[in-house]
Amino acid sequence: MTAPARPLVFITGASSGIGQALAGRFYAQGHDLALVARNTQAMHDWAASAGLDPARYAVYGADVSIADSIVDAGMQCLARQGLPQVVVANAGVSWGIDSAEREDLGVMAQLFATNNLGMAATFHPFIRAMQARGSGTLVGVASVAAIRGLPGHGAYCASKAAVVSYCESLRGELRAHGVRVVTLLPGYVATPLTRDNRYAMPFLLTADDFAERACRAIMRQTSYAVIPWQMGVVAKLLRLLPNAVFDRLLQGRQTKHRHKHTS
């Protein structure tokens with residue numbers, strides 16, 4: 001395993017949206033990039049259009065919903081570029097489900113395979129080496145949807161709540177070894193994941209605005225950050241509402257809107 005000449009960041013879901021914006025921000029700050037997604041052509045096209053130095057990035061094709069696929073991408077990165085300083089598990093999917101429909105149990109399983117097992121598999125190849133080095137940062141991208149369950153989005157909300165708990169557990173396991181874990185909870189960000197939303201999205205950020213704030217949190221090794229902070233206040237207030245009030249507030253919002261986005 002080689003030691004990168006510059007700090008290296010490994011980012012899943014790098015073909016669009018938040019992942020691509022984070023890649024651009026880290027590159028501007030002097031990091032080399034390991035770009036990971038299923039759509040390798042989109043990553044190559046973006047890197048070329050952005051004028052990235054080919055010596056400073058590599059592209060890896062992987063499906064984070066398949067553990068062996070993303071683990072293999074991580075192993076390729078270690079062999080080709082060395083051990084990253086930062087690993088960002090960003091790739092995710094968002095689907096509405098109806099638990100009364102049998103087929104939606106499979107939808108929920110696929111969502112968890114991507115958003116949860118896929119995150120653990122993204123981190124897996126790097127943990128032992130980071131522990132041995134005594135440094136590194138693992139970043140899990142959750143959502144403010146983790147804070148309260150939303151009608152029609154039970155699987156997505158549950159998966160993101162699981163991301164928060166998983167990262168919290170991992171943080172406790174790795175802190176003594178010098179490895180930090182950062183949990184990011186985006187509010188509404190203008191990406192393909194939110195493009196078809198049919199409801200108001202308060203405090204909406206562009207992907208670049210989110211990436212700027214997220215990079216600051218990551219470099220500070222902030223353990224838990226809601227971005228933008230105003231959305232965190234709203235989410236916490238919703239958490240404090242009595243269930244009866246919360247249920248009335250969201251009455252009629254249940255949909256089975258199957259918005260899918262994968263990277």
# chains A, B, ... in the order shown; residues from 1 in each chain; ligands from 1
>>> closest_atom_pairs(of="range 64-124 of chain A", to="range 157-161 of chain A", cutoff="10 Å", atoms="only C-alpha atoms", output="tab-separated table")
residue	atom	partner	partner_atom	distance
A:Gly92	CA	A:Lys160	CA	9.7
A:Val93	CA	A:Ser159	CA	9.9
A:Ser94	CA	A:Cys157	CA	9.2
A:Gly96	CA	A:Cys157	CA	9.9
A:Met108	CA	A:Ser159	CA	9.1
A:Leu111	CA	A:Ser159	CA	7.6
A:Phe112	CA	A:Ser159	CA	6.0
A:Ala113	CA	A:Ser159	CA	9.5
A:Thr114	CA	A:Ser159	CA	9.3
A:Asn115	CA	A:Ser159	CA	6.3
A:Asn116	CA	A:Ser159	CA	6.5
A:Leu117	CA	A:Ser159	CA	9.9
>>> closest_atom_pairs(of="range 30-93 of chain A", to="range 128-131 of chain A", cutoff="9 Å", atoms="only C-alpha atoms", output="CSV")
residue,atom,partner,partner_atom,distance
A:Leu83,CA,A:Ala129,CA,7.4
A:Pro84,CA,A:Met130,CA,8.5
A:Gln85,CA,A:Met130,CA,8.2
>>> select_by_dssp(residues="range 97-239 of chain A", states="helix (DSSP H, G or I)", output="PyMOL selection string")
chain A and resi 103-133+144-146+154-177+207-219+229-239
>>> atom_distance(atom1="CA of Ala79 in chain A", atom2="CA of Ala132 in chain A")
16.6 Å
>>> closest_residue(among="A:Ile127, A:Cys215, A:Pro151, A:Val189", to="Leu174 in chain A", atoms="only C-alpha atoms")
A:Ile127
>>> residues_around(residues="Val226 in chain A", least_positions_apart="6", cutoff="12 Å", atoms="only C-alpha atoms", output="list in words")
Val141, Ala142, Ser143, Val144, Ala145, Ala146, Ile147, Val164, Val182, Thr183, Leu184, Leu185, Pro186, Gly187, Tyr188, Phe203, Phe210, Arg213, Ala214, Ala217, Gly232, Val233, Val234, Ala235 and Lys236 of chain A
>>> write_last_selection(atoms="N, CA, C and O atoms", output="mmCIF file, in the first residue's frame")
data_model
loop_
_atom_site.group_PDB
_atom_site.id
_atom_site.type_symbol
_atom_site.label_atom_id
_atom_site.label_comp_id
_atom_site.auth_asym_id
_atom_site.auth_seq_id
_atom_site.Cartn_x
_atom_site.Cartn_y
_atom_site.Cartn_z
ATOM 1 N N VAL A 141 -23.359 9.862 5.697
ATOM 2 C CA VAL A 141 -24.363 10.853 5.319
ATOM 3 C C VAL A 141 -25.740 10.304 5.649
ATOM 4 O O VAL A 141 -26.200 9.336 5.032
ATOM 5 N N ALA A 142 -26.382 10.918 6.635
ATOM 6 C CA ALA A 142 -27.725 10.518 7.056
ATOM 7 C C ALA A 142 -28.724 11.505 6.447
ATOM 8 O O ALA A 142 -28.660 11.810 5.260
ATOM 9 N N SER A 143 -29.652 12.021 7.238
ATOM 10 C CA SER A 143 -30.660 12.976 6.777
ATOM 11 C C SER A 143 -31.424 13.484 7.992
ATOM 12 O O SER A 143 -31.528 12.784 9.004
ATOM 13 N N VAL A 144 -31.995 14.694 7.879
ATOM 14 C CA VAL A 144 -32.881 15.146 8.951
ATOM 15 C C VAL A 144 -34.111 14.256 9.048
ATOM 16 O O VAL A 144 -34.809 14.264 10.068
ATOM 17 N N ALA A 145 -34.366 13.464 8.010
ATOM 18 C CA ALA A 145 -35.470 12.499 8.065
ATOM 19 C C ALA A 145 -35.235 11.435 9.125
ATOM 20 O O ALA A 145 -36.156 10.686 9.473
ATOM 21 N N ALA A 146 -34.015 11.371 9.663
ATOM 22 C CA ALA A 146 -33.722 10.429 10.734
ATOM 23 C C ALA A 146 -34.380 10.819 12.046
ATOM 24 O O ALA A 146 -34.543 9.985 12.942
ATOM 25 N N ILE A 147 -34.758 12.100 12.178
ATOM 26 C CA ILE A 147 -35.165 12.611 13.480
ATOM 27 C C ILE A 147 -36.615 12.290 13.812
ATOM 28 O O ILE A 147 -36.963 12.025 14.955
ATOM 29 N N VAL A 164 -27.546 7.151 11.792
ATOM 30 C CA VAL A 164 -27.128 7.955 12.936
ATOM 31 C C VAL A 164 -26.660 7.058 14.084
ATOM 32 O O VAL A 164 -25.590 7.283 14.678
ATOM 33 N N VAL A 182 -17.767 11.106 11.578
ATOM 34 C CA VAL A 182 -18.597 12.301 11.409
ATOM 35 C C VAL A 182 -19.941 11.891 10.828
ATOM 36 O O VAL A 182 -19.991 11.168 9.832
ATOM 37 N N THR A 183 -21.026 12.347 11.436
ATOM 38 C CA THR A 183 -22.368 12.084 10.921
ATOM 39 C C THR A 183 -22.952 13.386 10.400
ATOM 40 O O THR A 183 -23.072 14.363 11.142
ATOM 41 N N LEU A 184 -23.290 13.396 9.117
ATOM 42 C CA LEU A 184 -23.896 14.569 8.492
ATOM 43 C C LEU A 184 -25.375 14.310 8.249
ATOM 44 O O LEU A 184 -25.753 13.256 7.730
ATOM 45 N N LEU A 185 -26.212 15.285 8.617
ATOM 46 C CA LEU A 185 -27.648 15.190 8.390
ATOM 47 C C LEU A 185 -28.069 16.335 7.473
ATOM 48 O O LEU A 185 -28.361 17.437 7.938
ATOM 49 N N PRO A 186 -28.080 16.106 6.161
ATOM 50 C CA PRO A 186 -28.533 17.163 5.260
ATOM 51 C C PRO A 186 -30.022 17.438 5.445
ATOM 52 O O PRO A 186 -30.811 16.516 5.694
ATOM 53 N N GLY A 187 -30.378 18.712 5.324
ATOM 54 C CA GLY A 187 -31.781 19.061 5.168
ATOM 55 C C GLY A 187 -32.128 18.920 3.701
ATOM 56 O O GLY A 187 -31.724 17.959 3.052
ATOM 57 N N TYR A 188 -32.840 19.878 3.153
ATOM 58 C CA TYR A 188 -33.190 19.819 1.734
ATOM 59 C C TYR A 188 -32.058 20.391 0.896
ATOM 60 O O TYR A 188 -31.611 21.517 1.108
ATOM 61 N N PHE A 203 -35.448 26.121 3.624
ATOM 62 C CA PHE A 203 -33.992 26.249 3.765
ATOM 63 C C PHE A 203 -33.237 25.426 2.715
ATOM 64 O O PHE A 203 -32.162 24.893 2.989
ATOM 65 N N PHE A 210 -24.149 23.149 0.231
ATOM 66 C CA PHE A 210 -24.071 22.065 1.207
ATOM 67 C C PHE A 210 -22.641 21.554 1.330
ATOM 68 O O PHE A 210 -22.132 21.342 2.435
ATOM 69 N N ARG A 213 -20.301 23.706 3.460
ATOM 70 C CA ARG A 213 -20.546 23.570 4.900
ATOM 71 C C ARG A 213 -20.154 22.189 5.404
ATOM 72 O O ARG A 213 -19.610 22.041 6.498
ATOM 73 N N ALA A 214 -20.427 21.180 4.607
ATOM 74 C CA ALA A 214 -20.097 19.809 5.008
ATOM 75 C C ALA A 214 -18.590 19.616 5.123
ATOM 76 O O ALA A 214 -18.106 18.988 6.074
ATOM 77 N N ALA A 217 -17.336 20.939 8.349
ATOM 78 C CA ALA A 217 -17.651 20.042 9.467
ATOM 79 C C ALA A 217 -16.728 18.834 9.473
ATOM 80 O O ALA A 217 -16.269 18.384 10.533
ATOM 81 N N GLY A 232 -32.004 21.833 11.390
ATOM 82 C CA GLY A 232 -31.836 21.066 12.617
ATOM 83 C C GLY A 232 -32.740 21.573 13.725
ATOM 84 O O GLY A 232 -33.300 20.790 14.496
ATOM 85 N N VAL A 233 -32.889 22.893 13.805
ATOM 86 C CA VAL A 233 -33.785 23.476 14.807
ATOM 87 C C VAL A 233 -35.217 23.037 14.542
ATOM 88 O O VAL A 233 -35.948 22.621 15.453
ATOM 89 N N VAL A 234 -35.645 23.112 13.273
ATOM 90 C CA VAL A 234 -36.999 22.685 12.910
ATOM 91 C C VAL A 234 -37.215 21.216 13.262
ATOM 92 O O VAL A 234 -38.239 20.841 13.859
ATOM 93 N N ALA A 235 -36.249 20.373 12.922
ATOM 94 C CA ALA A 235 -36.380 18.946 13.185
ATOM 95 C C ALA A 235 -36.459 18.655 14.680
ATOM 96 O O ALA A 235 -37.251 17.811 15.120
ATOM 97 N N LYS A 236 -35.655 19.360 15.471
ATOM 98 C CA LYS A 236 -35.687 19.137 16.915
ATOM 99 C C LYS A 236 -37.021 19.591 17.509
ATOM 100 O O LYS A 236 -37.553 18.940 18.420
#
>>> closest_residue(among="A:Tyr60, A:Ala109, A:Ile18, A:Arg148", to="Leu240 in chain A", atoms="only C-alpha atoms")
A:Arg148
>>> atom_distance(atom1="CA of Tyr156 in chain A", atom2="CA of Leu105 in chain A")
12.6 Å
>>> closest_residue(among="A:Gly152, A:Val64, A:Gln76, A:Ser165", to="Ala121 in chain A", atoms="only C-alpha atoms")
A:Val64
